[in-house]
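Undergrad: Contents are mmCIF, C-alpha atoms and all ligand atoms; file name final_18.cif:
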```
data_work
loop_
_atom_site.label_atom_id
_atom_site.label_comp_id
_atom_site.auth_asym_id
_atom_site.auth_seq_id
_atom_site.Cartn_x
_atom_site.Cartn_y
_atom_site.Cartn_z
CA MET A 1 -35.05 -22.55 -2.25
CA LYS A 2 -34.80 -20.83 1.11
CA ARG A 3 -32.51 -17.83 1.38
CA LEU A 4 -29.54 -18.05 3.73
CA LEU A 5 -27.45 -15.05 4.77
CA ILE A 6 -23.99 -15.95 6.08
CA THR A 7 -22.17 -13.10 7.83
CA GLY A 8 -18.39 -13.34 7.48
CA GLY A 9 -18.52 -15.48 4.34
CA SER A 10 -14.88 -14.58 3.64
CA GLY A 11 -13.69 -16.13 6.92
CA TYR A 12 -12.32 -19.61 7.56
CA LEU A 13 -15.60 -21.16 8.71
CA GLY A 14 -17.72 -18.73 6.66
CA TRP A 15 -16.18 -19.68 3.32
CA ARG A 16 -16.53 -23.43 3.90
CA LEU A 17 -20.11 -22.90 5.03
CA THR A 18 -20.77 -20.83 1.92
CA GLN A 19 -19.27 -23.50 -0.36
CA MET A 20 -21.27 -26.30 1.26
CA ALA A 21 -24.56 -24.37 1.37
CA THR A 22 -24.18 -23.36 -2.29
CA ALA A 23 -23.23 -26.89 -3.39
CA SER A 24 -26.17 -28.43 -1.51
CA GLY A 25 -28.63 -26.85 -3.94
CA GLU A 26 -30.97 -26.39 -0.97
CA TRP A 27 -30.11 -22.80 -0.13
CA GLU A 28 -29.90 -19.58 -2.08
CA THR A 29 -26.79 -18.41 -0.29
CA PHE A 30 -25.70 -14.81 0.36
CA PRO A 31 -22.24 -14.61 1.97
CA THR A 32 -20.96 -11.27 3.25
CA PHE A 33 -17.38 -10.00 3.43
CA LEU A 34 -15.72 -6.87 4.73
CA ALA A 35 -12.05 -6.41 3.71
CA ASN A 36 -11.54 -9.64 1.75
CA ARG A 37 -13.72 -9.81 -1.36
CA ILE A 38 -15.03 -13.28 -2.19
CA ASP A 39 -15.62 -15.01 -5.48
CA HIS A 40 -19.31 -15.85 -5.15
CA PRO A 41 -22.16 -14.62 -7.38
CA ASN A 42 -24.18 -13.45 -4.37
CA GLY A 43 -21.24 -12.13 -2.31
CA LEU A 44 -21.88 -8.71 -0.78
CA ARG A 45 -19.86 -6.28 1.27
CA LEU A 46 -21.35 -5.54 4.68
CA ASP A 47 -19.88 -3.78 7.69
CA LEU A 48 -21.97 -5.06 10.58
CA ARG A 49 -20.94 -2.09 12.74
CA ASP A 50 -23.26 -0.08 10.51
CA ARG A 51 -26.79 -0.71 11.77
CA ALA A 52 -28.53 0.99 8.83
CA ALA A 53 -26.48 -0.94 6.26
CA THR A 54 -27.20 -4.21 8.07
CA GLU A 55 -30.95 -3.52 8.06
CA THR A 56 -30.88 -2.50 4.40
CA VAL A 57 -29.24 -5.79 3.43
CA THR A 58 -31.62 -7.97 5.44
CA ALA A 59 -34.72 -6.00 4.39
CA SER A 60 -33.83 -6.33 0.71
CA LEU A 61 -32.72 -10.00 0.75
CA ARG A 62 -35.29 -11.19 3.32
CA PRO A 63 -33.38 -14.37 4.22
CA GLU A 64 -35.33 -17.06 6.06
CA VAL A 65 -32.16 -17.95 7.99
CA ILE A 66 -29.12 -15.94 9.07
CA ILE A 67 -25.97 -17.69 10.30
CA HIS A 68 -24.01 -15.03 12.13
CA GLN A 69 -20.39 -16.03 12.58
CA ALA A 70 -18.58 -12.86 11.47
CA VAL A 71 -15.92 -11.12 13.48
CA SER A 72 -13.18 -13.14 15.14
CA PRO A 73 -10.52 -11.77 17.51
CA ARG A 74 -7.92 -10.79 14.89
CA ASN A 75 -7.17 -7.53 16.76
CA SER A 76 -8.67 -5.14 19.33
CA GLU A 77 -10.68 -3.33 16.64
CA HIS A 78 -12.37 -6.60 15.75
CA ILE A 79 -13.06 -7.40 19.40
CA ALA A 80 -14.64 -3.95 19.82
CA ALA A 81 -16.87 -4.64 16.79
CA MET A 82 -18.26 -7.92 18.11
CA ILE A 83 -21.04 -6.67 20.36
CA PRO A 84 -22.37 -3.93 18.02
CA ALA A 85 -22.22 -6.36 15.06
CA ALA A 86 -24.19 -9.01 16.96
CA ARG A 87 -26.73 -6.45 18.19
CA HIS A 88 -27.32 -5.11 14.68
CA ILE A 89 -27.77 -8.54 13.10
CA MET A 90 -30.06 -9.65 15.96
CA GLN A 91 -32.26 -6.57 15.54
CA ALA A 92 -32.29 -6.95 11.77
CA ALA A 93 -33.24 -10.64 12.04
CA ALA A 94 -36.05 -9.81 14.48
CA GLU A 95 -37.44 -7.15 12.15
CA ILE A 96 -37.85 -9.54 9.23
CA GLY A 97 -38.70 -12.61 11.34
CA ALA A 98 -35.59 -14.55 10.19
CA ARG A 99 -34.26 -17.56 12.08
CA LEU A 100 -30.92 -16.60 13.67
CA ILE A 101 -28.04 -18.94 14.42
CA HIS A 102 -25.22 -17.27 16.31
CA VAL A 103 -21.74 -18.84 16.45
CA SER A 104 -20.07 -18.41 19.84
CA THR A 105 -17.00 -20.13 21.33
CA ASP A 106 -15.78 -22.48 24.08
CA MET A 107 -13.49 -19.62 25.19
CA ILE A 108 -16.38 -18.17 27.23
CA TRP A 109 -15.23 -20.51 30.03
CA ASP A 110 -12.10 -20.22 32.18
CA GLY A 111 -11.20 -23.91 31.97
CA THR A 112 -11.27 -24.64 35.72
CA ARG A 113 -14.59 -26.56 35.92
CA PRO A 114 -14.86 -29.07 33.09
CA PRO A 115 -16.80 -30.67 31.60
CA TYR A 116 -18.82 -27.71 30.34
CA GLY A 117 -22.45 -28.36 29.50
CA ASP A 118 -24.68 -26.39 27.14
CA ASP A 119 -25.95 -24.32 30.05
CA SER A 120 -22.74 -23.92 32.07
CA PRO A 121 -22.48 -20.22 32.96
CA PRO A 122 -19.74 -18.20 31.23
CA SER A 123 -16.55 -17.38 33.15
CA PRO A 124 -14.55 -15.40 30.56
CA LEU A 125 -10.82 -14.72 30.97
CA THR A 126 -10.06 -12.48 27.97
CA PRO A 127 -11.67 -9.44 26.26
CA TYR A 128 -12.66 -11.71 23.34
CA ALA A 129 -14.31 -14.18 25.70
CA GLU A 130 -16.05 -11.35 27.59
CA ALA A 131 -17.51 -10.01 24.34
CA LYS A 132 -18.69 -13.46 23.25
CA ALA A 133 -20.26 -14.14 26.67
CA ALA A 134 -22.01 -10.74 26.65
CA ILE A 135 -23.38 -11.47 23.16
CA GLU A 136 -24.72 -14.86 24.27
CA ASN A 137 -26.52 -13.23 27.21
CA MET A 138 -27.89 -10.38 25.08
CA ILE A 139 -29.27 -12.78 22.46
CA ALA A 140 -30.67 -15.23 25.02
CA ASP A 141 -32.52 -12.36 26.76
CA GLU A 142 -33.74 -10.44 23.74
CA MET A 143 -34.26 -13.13 21.09
CA PRO A 144 -34.58 -16.49 22.90
CA GLN A 145 -35.72 -18.30 19.76
CA THR A 146 -32.11 -17.96 18.49
CA LEU A 147 -29.81 -20.96 18.42
CA ILE A 148 -26.39 -20.22 19.95
CA VAL A 149 -23.79 -22.73 18.74
CA ARG A 150 -20.53 -23.11 20.63
CA PRO A 151 -17.70 -24.76 18.72
CA SER A 152 -14.26 -25.48 20.09
CA LEU A 153 -11.11 -24.99 17.95
CA ILE A 154 -12.06 -25.14 14.27
CA TYR A 155 -9.55 -27.05 12.13
CA GLY A 156 -9.19 -28.15 8.55
CA PHE A 157 -6.68 -29.56 6.08
CA ASP A 158 -7.21 -27.62 2.83
CA PRO A 159 -6.81 -24.81 3.51
CA ILE A 160 -5.31 -25.44 6.92
CA ASP A 161 -6.71 -23.57 9.88
CA LYS A 162 -4.93 -20.68 11.59
CA GLN A 163 -3.65 -22.62 14.61
CA THR A 164 -2.18 -25.43 12.52
CA GLY A 165 -0.86 -22.84 10.07
CA TRP A 166 1.02 -21.23 12.95
CA ILE A 167 2.68 -24.58 13.80
CA VAL A 168 3.57 -25.30 10.17
CA SER A 169 5.05 -21.85 9.55
CA GLY A 170 7.05 -22.14 12.79
CA ILE A 171 8.52 -25.46 11.57
CA ARG A 172 9.34 -23.97 8.15
CA ARG A 173 11.09 -20.99 9.76
CA SER A 174 12.96 -23.25 12.25
CA GLU A 175 11.35 -21.41 15.17
CA THR A 176 10.56 -23.02 18.50
CA VAL A 177 6.92 -24.10 18.65
CA ARG A 178 5.63 -24.88 22.13
CA LEU A 179 2.53 -27.07 22.34
CA PHE A 180 0.84 -27.34 25.72
CA THR A 181 0.09 -30.74 27.21
CA ASP A 182 -2.12 -29.22 29.92
CA GLU A 183 -4.44 -27.31 27.57
CA LEU A 184 -7.43 -29.39 26.51
CA ARG A 185 -9.80 -28.44 23.71
CA CYS A 186 -12.37 -30.40 21.69
CA PRO A 187 -11.36 -29.56 18.10
CA ILE A 188 -14.04 -29.70 15.44
CA TRP A 189 -13.43 -30.23 11.71
CA VAL A 190 -14.66 -27.24 9.70
CA ASP A 191 -16.62 -29.58 7.39
CA THR A 192 -18.39 -31.20 10.35
CA LEU A 193 -19.28 -27.81 11.82
CA ALA A 194 -20.51 -26.43 8.49
CA THR A 195 -22.65 -29.55 7.88
CA ALA A 196 -24.09 -29.33 11.40
CA LEU A 197 -24.88 -25.62 11.01
CA LEU A 198 -26.74 -26.26 7.75
CA GLU A 199 -28.66 -29.11 9.38
CA LEU A 200 -29.59 -26.80 12.27
CA ALA A 201 -30.53 -23.99 9.87
CA ASP A 202 -33.32 -26.27 8.69
CA SER A 203 -34.56 -27.01 12.22
CA ASP A 204 -36.31 -24.98 14.90
CA HIS A 205 -33.90 -25.76 17.75
CA SER A 206 -33.08 -22.85 20.02
CA GLY A 207 -30.96 -22.16 23.11
CA ARG A 208 -27.29 -22.97 23.63
CA LEU A 209 -25.63 -25.94 21.97
CA ASN A 210 -22.06 -27.22 22.29
CA ILE A 211 -20.76 -28.63 19.00
CA ALA A 212 -17.30 -30.09 19.36
CA GLY A 213 -15.12 -33.13 18.87
CA ARG A 214 -13.37 -35.23 21.50
CA PRO A 215 -11.03 -33.74 24.12
CA LEU A 216 -7.37 -33.55 23.08
CA ASN A 217 -4.46 -31.66 24.53
CA ARG A 218 -2.72 -29.15 22.25
CA TRP A 219 0.36 -31.35 21.85
CA ASP A 220 -1.63 -34.41 20.77
CA PHE A 221 -3.82 -32.28 18.51
CA GLY A 222 -0.76 -30.70 16.86
CA MET A 223 0.87 -34.11 16.33
CA LYS A 224 -2.28 -35.52 14.74
CA MET A 225 -2.60 -32.52 12.40
CA LEU A 226 1.06 -32.72 11.35
CA ALA A 227 0.73 -36.48 10.72
CA ALA A 228 -2.41 -35.88 8.61
CA LEU A 229 -0.54 -33.24 6.60
CA GLY A 230 2.54 -35.46 6.21
CA ILE A 231 4.81 -32.95 7.98
CA GLU A 232 7.60 -34.05 10.33
CA PRO A 233 7.54 -31.99 13.55
CA GLY A 234 11.33 -31.93 13.87
CA PRO A 235 13.26 -30.86 16.98
CA ASN A 236 11.80 -27.32 17.21
CA VAL A 237 8.33 -28.52 18.17
CA ILE A 238 8.45 -29.12 21.89
CA ARG A 239 6.10 -30.21 24.65
CA SER A 240 5.35 -27.46 27.11
CA THR A 241 2.71 -26.39 29.63
CA ILE A 242 0.57 -23.32 30.27
CA ALA A 243 2.23 -23.12 33.70
CA GLU A 244 5.71 -22.91 32.10
CA SER A 245 4.52 -20.22 29.67
CA GLY A 246 3.18 -17.93 32.38
CA LEU A 247 0.14 -17.21 30.18
CA ALA A 248 -3.40 -16.89 31.57
CA ARG A 249 -5.33 -19.29 29.35
CA PRO A 250 -8.24 -21.66 29.94
CA ALA A 251 -6.68 -25.05 30.70
CA ASP A 252 -9.37 -27.68 30.33
CA LEU A 253 -12.24 -26.80 28.01
CA THR A 254 -13.68 -30.30 27.77
CA MET A 255 -17.27 -29.96 26.59
CA ASP A 256 -20.32 -32.12 27.06
CA THR A 257 -21.77 -32.56 23.56
CA SER A 258 -24.49 -35.08 24.40
CA LYS A 259 -27.34 -32.76 23.31
CA ALA A 260 -25.71 -32.11 19.94
CA ARG A 261 -25.21 -35.86 19.44
CA GLN A 262 -28.94 -36.35 20.14
CA TRP A 263 -30.11 -33.52 17.89
CA LEU A 264 -27.80 -33.96 14.93
CA ARG A 265 -27.58 -36.54 12.16
CA THR A 266 -24.09 -35.13 11.46
CA PRO A 267 -21.57 -37.27 13.41
CA LEU A 268 -19.09 -35.33 15.57
CA ILE A 269 -16.06 -37.26 14.38
CA SER A 270 -12.53 -37.37 15.76
CA VAL A 271 -9.47 -35.70 14.21
CA ASP A 272 -8.26 -39.13 12.97
CA GLU A 273 -11.60 -39.84 11.28
CA ALA A 274 -11.68 -36.35 9.75
CA ALA A 275 -8.18 -36.82 8.33
CA VAL A 276 -9.26 -40.09 6.68
CA ARG A 277 -12.41 -38.49 5.24
CA HIS A 278 -10.40 -35.54 3.94
CA GLN A 279 -7.92 -37.88 2.25
CA ARG A 280 -10.79 -39.79 0.61
CA GLN A 281 -12.36 -36.52 -0.62
CA ALA A 282 -9.02 -35.31 -1.98
CA ALA A 283 -8.47 -38.61 -3.83
CA ARG A 284 -11.81 -38.33 -5.68
N1 LIG B 1 -11.38 -20.31 14.49
C1 LIG B 1 -11.65 -20.98 15.60
O1 LIG B 1 -10.89 -21.89 16.00
C2 LIG B 1 -12.89 -20.66 16.40
C3 LIG B 1 -13.17 -21.39 17.56
C4 LIG B 1 -14.37 -21.14 18.24
C5 LIG B 1 -15.25 -20.19 17.78
N2 LIG B 1 -14.94 -19.48 16.65
C6 LIG B 1 -15.91 -18.48 16.15
O2 LIG B 1 -16.27 -18.87 14.83
C7 LIG B 1 -16.50 -17.74 14.02
C8 LIG B 1 -15.67 -17.83 12.76
O3 LIG B 1 -14.29 -17.84 13.11
P1 LIG B 1 -13.19 -17.84 11.96
O4 LIG B 1 -11.90 -18.21 12.62
O5 LIG B 1 -13.67 -18.62 10.79
O6 LIG B 1 -13.14 -16.27 11.61
P2 LIG B 1 -12.26 -15.50 10.53
O7 LIG B 1 -11.65 -16.42 9.55
O8 LIG B 1 -11.33 -14.56 11.23
O9 LIG B 1 -13.37 -14.63 9.77
C9 LIG B 1 -13.97 -13.52 10.37
C10 LIG B 1 -14.98 -12.95 9.39
O10 LIG B 1 -15.59 -11.78 9.97
C11 LIG B 1 -15.63 -10.76 8.99
N3 LIG B 1 -15.68 -9.46 9.65
C12 LIG B 1 -14.76 -8.90 10.47
N4 LIG B 1 -15.18 -7.70 10.92
C13 LIG B 1 -16.41 -7.51 10.35
C14 LIG B 1 -17.38 -6.44 10.40
N5 LIG B 1 -17.17 -5.34 11.14
N6 LIG B 1 -18.52 -6.58 9.68
C15 LIG B 1 -18.73 -7.68 8.92
N7 LIG B 1 -17.88 -8.71 8.84
C16 LIG B 1 -16.73 -8.62 9.55
C17 LIG B 1 -14.37 -10.97 8.17
O11 LIG B 1 -14.48 -10.33 6.93
P3 LIG B 1 -13.19 -9.90 6.02
O12 LIG B 1 -12.15 -10.99 6.21
O13 LIG B 1 -13.74 -9.85 4.65
O14 LIG B 1 -12.73 -8.59 6.54
C18 LIG B 1 -14.39 -12.51 8.05
O15 LIG B 1 -15.28 -12.90 7.03
C19 LIG B 1 -16.20 -16.53 14.89
O16 LIG B 1 -17.42 -16.04 15.41
C20 LIG B 1 -15.34 -17.08 16.02
O17 LIG B 1 -15.47 -16.34 17.20
C21 LIG B 1 -13.79 -19.69 15.95
#
```
Can you turn what I pasted into structure tokens?
Ligand SMILES: NC(=O)c1ccc[n+]([C@@H]2O[C@H](COP(=O)([O-])OP(=O)(O)OC[C@H]3O[C@@H](n4cnc5c(N)ncnc54)[C@H](OP(=O)(O)O)[C@@H]3O)[C@@H](O)[C@H]2O)c1
TA:
Amino acid sequence: MKRLLITGGSGYLGWRLTQMATASGEWETFPTFLANRIDHPNGLRLDLRDRAATETVTASLRPEVIIHQAVSPRNSEHIAAMIPAARHIMQAAAEIGARLIHVSTDMIWDGTRPPYGDDSPPSPLTPYAEAKAAIENMIADEMPQTLIVRPSLIYGFDPIDKQTGWIVSGIRRSETVRLFTDELRCPIWVDTLATALLELADSDHSGRLNIAGRPLNRWDFGMKMLAALGIEPGPNVIRSTIAESGLARPADLTMDTSKARQWLRTPLISVDEAAVRHQRQAAR
């Protein structure tokens, strides 16, 4: 079996990826965590801000493939850690000759010039997006054999993703939940993304690759998720717009995923199809 190191194995995507890689029987999987310990025989604590610790882990495990998706924008400390973490894992991968897959985001674009192709230049609006865009450029310059995967919103049903969790907890607390009709994203089911990443781990594709579902506005996406979860939105969930909110957010992040559809056997299914598949899995 080939060895696979997954940074951020305790995260939303990282844990699903870890479960699927382990269950496949094709990978000896090593998921890392930082603050949230995971229940996995090969789980290991790693702070990617520590270059020496990162190199020690990779030099001792010698993974053939590293999927780097750790560090999301939970707070400013996490955003500050993104670039050093990516630099350390890139250098460590280069030293042992491991294949590197880096997980980026659709947020690198400002949402004014859709549709965004794999090679559309970044136009970041937020500190998180700036860090992610800088990491993409650093990796493309210094380790061009890396595959940079750009997902859109990552969602799931069990456990539910953070964005949907925010809607559900707002409904339960009878708070007003505003869902924008002028904000378009291409949500991707966490199972689809994890399957695609494992497929790509076993390939030699490099460069930038958009992996996303079909465009949906936030209102329609929220309604579909609530329907799939069997939750009534109630009167507190209201249609709104970015313009009304006064927030500076990317409006239309429609992505061109034609290259991913050519490269992948994994189908990039819609939210409705994902909900049906999840229900079938749950019924088994
Ligand atoms: N969620 C989305 O909708 C979305 C959309 C597009 C792109 N992405 C990208 O997809 C990736 C995964 O996102 P996610 O939402 O699944 O993230 P997440 O649940 O917030 O998980 C983040 C992971 O990073 C780990 N981590 C944080 N700081 C670290 C450090 N200094 N060293 C090592 N590990 C560290 C965390 O470990 P502990 O929890 O153990 O501390 C956790 O495992 C991220 O790169 C994100 O930018 C996410």
Undergrad: Would you pick out the contacts of Glu232 in chain A at 10 Å or less, using all atoms listed in the file, so that residues sharing its chain but fewer than 3 positions from it are not included, and give the list as a list in words?
TA: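 The contact residues come out as Val168, Ile171, Met223, Leu226, Ala227, Leu229, Pro235 and Val237 of chain A.
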Undergrad: Between A:Ala275, A:Ala93, A:Leu13, A:Ala140, single out the one closest to ligand LIG 1 (chain B), counting all atoms listed in the file.
TA: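 Using all atoms listed in the file, the shortest distance to ligand LIG 1 (chain B) belongs to A:Leu13.
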Undergrad: Counting all atoms listed in the file, which residues in chain A sit no more than 9 Å from ligand LIG 1 (chain B)? For each one, give the nearest pair of atoms and the distance in Å, sorted by chain then residue number, as CSV.
TA:
```
residue,atom,partner,partner_atom,distance
A:Thr7,CA,B:LIG1,N7,6.2
A:Gly8,CA,B:LIG1,O15,3.2
A:Gly9,CA,B:LIG1,O15,4.9
A:Ser10,CA,B:LIG1,O15,3.8
A:Gly11,CA,B:LIG1,O9,3.2
A:Tyr12,CA,B:LIG1,O5,3.6
A:Leu13,CA,B:LIG1,O5,3.8
A:Gly14,CA,B:LIG1,O5,5.8
A:Trp15,CA,B:LIG1,O15,7.8
A:Arg16,CA,B:LIG1,O5,8.9
A:Pro31,CA,B:LIG1,O15,8.8
A:Thr32,CA,B:LIG1,N7,6.9
A:Phe33,CA,B:LIG1,O13,3.8
A:Leu34,CA,B:LIG1,O13,3.6
A:Ala35,CA,B:LIG1,O14,3.6
A:Asn36,CA,B:LIG1,O13,3.6
A:Arg37,CA,B:LIG1,O13,6.0
A:Ile38,CA,B:LIG1,O13,7.8
A:Arg45,CA,B:LIG1,O13,7.9
A:Leu46,CA,B:LIG1,C15,5.4
A:Asp47,CA,B:LIG1,N6,3.7
A:Leu48,CA,B:LIG1,N6,3.9
A:Arg49,CA,B:LIG1,N5,5.2
A:Asp50,CA,B:LIG1,N5,8.1
A:His68,CA,B:LIG1,O16,7.4
A:Gln69,CA,B:LIG1,O16,4.1
A:Ala70,CA,B:LIG1,O10,3.5
A:Val71,CA,B:LIG1,O10,3.6
A:Ser72,CA,B:LIG1,O17,4.4
A:Pro73,CA,B:LIG1,O17,6.7
A:Arg74,CA,B:LIG1,O8,6.3
A:Glu77,CA,B:LIG1,N4,8.5
A:His78,CA,B:LIG1,N4,5.7
A:Ile79,CA,B:LIG1,N4,8.7
A:Ala81,CA,B:LIG1,N5,5.7
A:Met82,CA,B:LIG1,N5,7.5
A:Pro84,CA,B:LIG1,N5,8.7
A:Ala85,CA,B:LIG1,N5,6.5
A:His102,CA,B:LIG1,O16,7.9
A:Val103,CA,B:LIG1,O16,5.3
A:Ser104,CA,B:LIG1,C5,5.5
A:Thr105,CA,B:LIG1,C5,4.0
A:Asp106,CA,B:LIG1,C4,6.2
A:Met107,CA,B:LIG1,C4,7.2
A:Tyr128,CA,B:LIG1,O17,8.2
A:Ala129,CA,B:LIG1,O17,8.8
A:Lys132,CA,B:LIG1,O17,7.4
A:Val149,CA,B:LIG1,C5,9.0
A:Arg150,CA,B:LIG1,C5,6.7
A:Pro151,CA,B:LIG1,C4,4.9
A:Ser152,CA,B:LIG1,C4,4.7
A:Leu153,CA,B:LIG1,O1,3.7
A:Ile154,CA,B:LIG1,O1,3.9
A:Tyr155,CA,B:LIG1,O1,6.6
A:Asp161,CA,B:LIG1,N1,7.3
A:Lys162,CA,B:LIG1,N1,7.1
A:Gln163,CA,B:LIG1,O1,7.4
A:Pro187,CA,B:LIG1,O1,8.0
A:Ile188,CA,B:LIG1,O1,8.4
A:Val190,CA,B:LIG1,O5,8.7
```
Undergrad: Pull C-alpha atoms from the residues just selected and write them as a PDB file, in the coordinates of the input.
TA:
```
ATOM      1  CA  THR A   7     -22.170 -13.100   7.830  1.00  0.00           C
ATOM      2  CA  GLY A   8     -18.390 -13.340   7.480  1.00  0.00           C
ATOM      3  CA  GLY A   9     -18.520 -15.480   4.340  1.00  0.00           C
ATOM      4  CA  SER A  10     -14.880 -14.580   3.640  1.00  0.00           C
ATOM      5  CA  GLY A  11     -13.690 -16.130   6.920  1.00  0.00           C
ATOM      6  CA  TYR A  12     -12.320 -19.610   7.560  1.00  0.00           C
ATOM      7  CA  LEU A  13     -15.600 -21.160   8.710  1.00  0.00           C
ATOM      8  CA  GLY A  14     -17.720 -18.730   6.660  1.00  0.00           C
ATOM      9  CA  TRP A  15     -16.180 -19.680   3.320  1.00  0.00           C
ATOM     10  CA  ARG A  16     -16.530 -23.430   3.900  1.00  0.00           C
ATOM     11  CA  PRO A  31     -22.240 -14.610   1.970  1.00  0.00           C
ATOM     12  CA  THR A  32     -20.960 -11.270   3.250  1.00  0.00           C
ATOM     13  CA  PHE A  33     -17.380 -10.000   3.430  1.00  0.00           C
ATOM     14  CA  LEU A  34     -15.720  -6.870   4.730  1.00  0.00           C
ATOM     15  CA  ALA A  35     -12.050  -6.410   3.710  1.00  0.00           C
ATOM     16  CA  ASN A  36     -11.540  -9.640   1.750  1.00  0.00           C
ATOM     17  CA  ARG A  37     -13.720  -9.810  -1.360  1.00  0.00           C
ATOM     18  CA  ILE A  38     -15.030 -13.280  -2.190  1.00  0.00           C
ATOM     19  CA  ARG A  45     -19.860  -6.280   1.270  1.00  0.00           C
ATOM     20  CA  LEU A  46     -21.350  -5.540   4.680  1.00  0.00           C
ATOM     21  CA  ASP A  47     -19.880  -3.780   7.690  1.00  0.00           C
ATOM     22  CA  LEU A  48     -21.970  -5.060  10.580  1.00  0.00           C
ATOM     23  CA  ARG A  49     -20.940  -2.090  12.740  1.00  0.00           C
ATOM     24  CA  ASP A  50     -23.260  -0.080  10.510  1.00  0.00           C
ATOM     25  CA  HIS A  68     -24.010 -15.030  12.130  1.00  0.00           C
ATOM     26  CA  GLN A  69     -20.390 -16.030  12.580  1.00  0.00           C
ATOM     27  CA  ALA A  70     -18.580 -12.860  11.470  1.00  0.00           C
ATOM     28  CA  VAL A  71     -15.920 -11.120  13.480  1.00  0.00           C
ATOM     29  CA  SER A  72     -13.180 -13.140  15.140  1.00  0.00           C
ATOM     30  CA  PRO A  73     -10.520 -11.770  17.510  1.00  0.00           C
ATOM     31  CA  ARG A  74      -7.920 -10.790  14.890  1.00  0.00           C
ATOM     32  CA  GLU A  77     -10.680  -3.330  16.640  1.00  0.00           C
ATOM     33  CA  HIS A  78     -12.370  -6.600  15.750  1.00  0.00           C
ATOM     34  CA  ILE A  79     -13.060  -7.400  19.400  1.00  0.00           C
ATOM     35  CA  ALA A  81     -16.870  -4.640  16.790  1.00  0.00           C
ATOM     36  CA  MET A  82     -18.260  -7.920  18.110  1.00  0.00           C
ATOM     37  CA  PRO A  84     -22.370  -3.930  18.020  1.00  0.00           C
ATOM     38  CA  ALA A  85     -22.220  -6.360  15.060  1.00  0.00           C
ATOM     39  CA  HIS A 102     -25.220 -17.270  16.310  1.00  0.00           C
ATOM     40  CA  VAL A 103     -21.740 -18.840  16.450  1.00  0.00           C
ATOM     41  CA  SER A 104     -20.070 -18.410  19.840  1.00  0.00           C
ATOM     42  CA  THR A 105     -17.000 -20.130  21.330  1.00  0.00           C
ATOM     43  CA  ASP A 106     -15.780 -22.480  24.080  1.00  0.00           C
ATOM     44  CA  MET A 107     -13.490 -19.620  25.190  1.00  0.00           C
ATOM     45  CA  TYR A 128     -12.660 -11.710  23.340  1.00  0.00           C
ATOM     46  CA  ALA A 129     -14.310 -14.180  25.700  1.00  0.00           C
ATOM     47  CA  LYS A 132     -18.690 -13.460  23.250  1.00  0.00           C
ATOM     48  CA  VAL A 149     -23.790 -22.730  18.740  1.00  0.00           C
ATOM     49  CA  ARG A 150     -20.530 -23.110  20.630  1.00  0.00           C
ATOM     50  CA  PRO A 151     -17.700 -24.760  18.720  1.00  0.00           C
ATOM     51  CA  SER A 152     -14.260 -25.480  20.090  1.00  0.00           C
ATOM     52  CA  LEU A 153     -11.110 -24.990  17.950  1.00  0.00           C
ATOM     53  CA  ILE A 154     -12.060 -25.140  14.270  1.00  0.00           C
ATOM     54  CA  TYR A 155      -9.550 -27.050  12.130  1.00  0.00           C
ATOM     55  CA  ASP A 161      -6.710 -23.570   9.880  1.00  0.00           C
ATOM     56  CA  LYS A 162      -4.930 -20.680  11.590  1.00  0.00           C
ATOM     57  CA  GLN A 163      -3.650 -22.620  14.610  1.00  0.00           C
ATOM     58  CA  PRO A 187     -11.360 -29.560  18.100  1.00  0.00           C
ATOM     59  CA  ILE A 188     -14.040 -29.700  15.440  1.00  0.00           C
ATOM     60  CA  VAL A 190     -14.660 -27.240   9.700  1.00  0.00           C
TER      61      VAL A 190
END
```
Undergrad: Near Met90 in chain A, counting only C-alpha atoms, which residues have an atom at most 12 Å away, once you skip same-chain residues fewer than 3 positions from it, shown as a VMD selection string?
TA: chain A and resid 7 48 51 54 to 55 58 65 to 68 83 to 87 93 to 102 135 to 136 138 to 148
Undergrad: Show me, as a ChimeraX atom specification, the residues that have an atom within 12 Å of Thr192 in chain A when counting all atoms listed in the file, minus same-chain residues fewer than 5 positions from it.
TA: /A:13,16-17,20,151,154-156,187,197-199,211-213,264-271,273-275,277-278
Undergrad: Just checking: using only C-alpha atoms, which residue out of A:Ala52, A:Asn137, A:Ala194, A:Leu61 ends up closest to Ser24 in chain A?
TA: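 Of the candidates, the smallest distance to Ser24 in chain A is held by A:Ala194.
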Undergrad: Considering only C-alpha atoms, can you say which of A:Glu183, A:Glu130, A:Glu64, A:Asp119 comes closest to Thr241 in chain A?
TA: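 Once distances to Thr241 in chain A are computed over only C-alpha atoms, the minimum belongs to A:Glu183.
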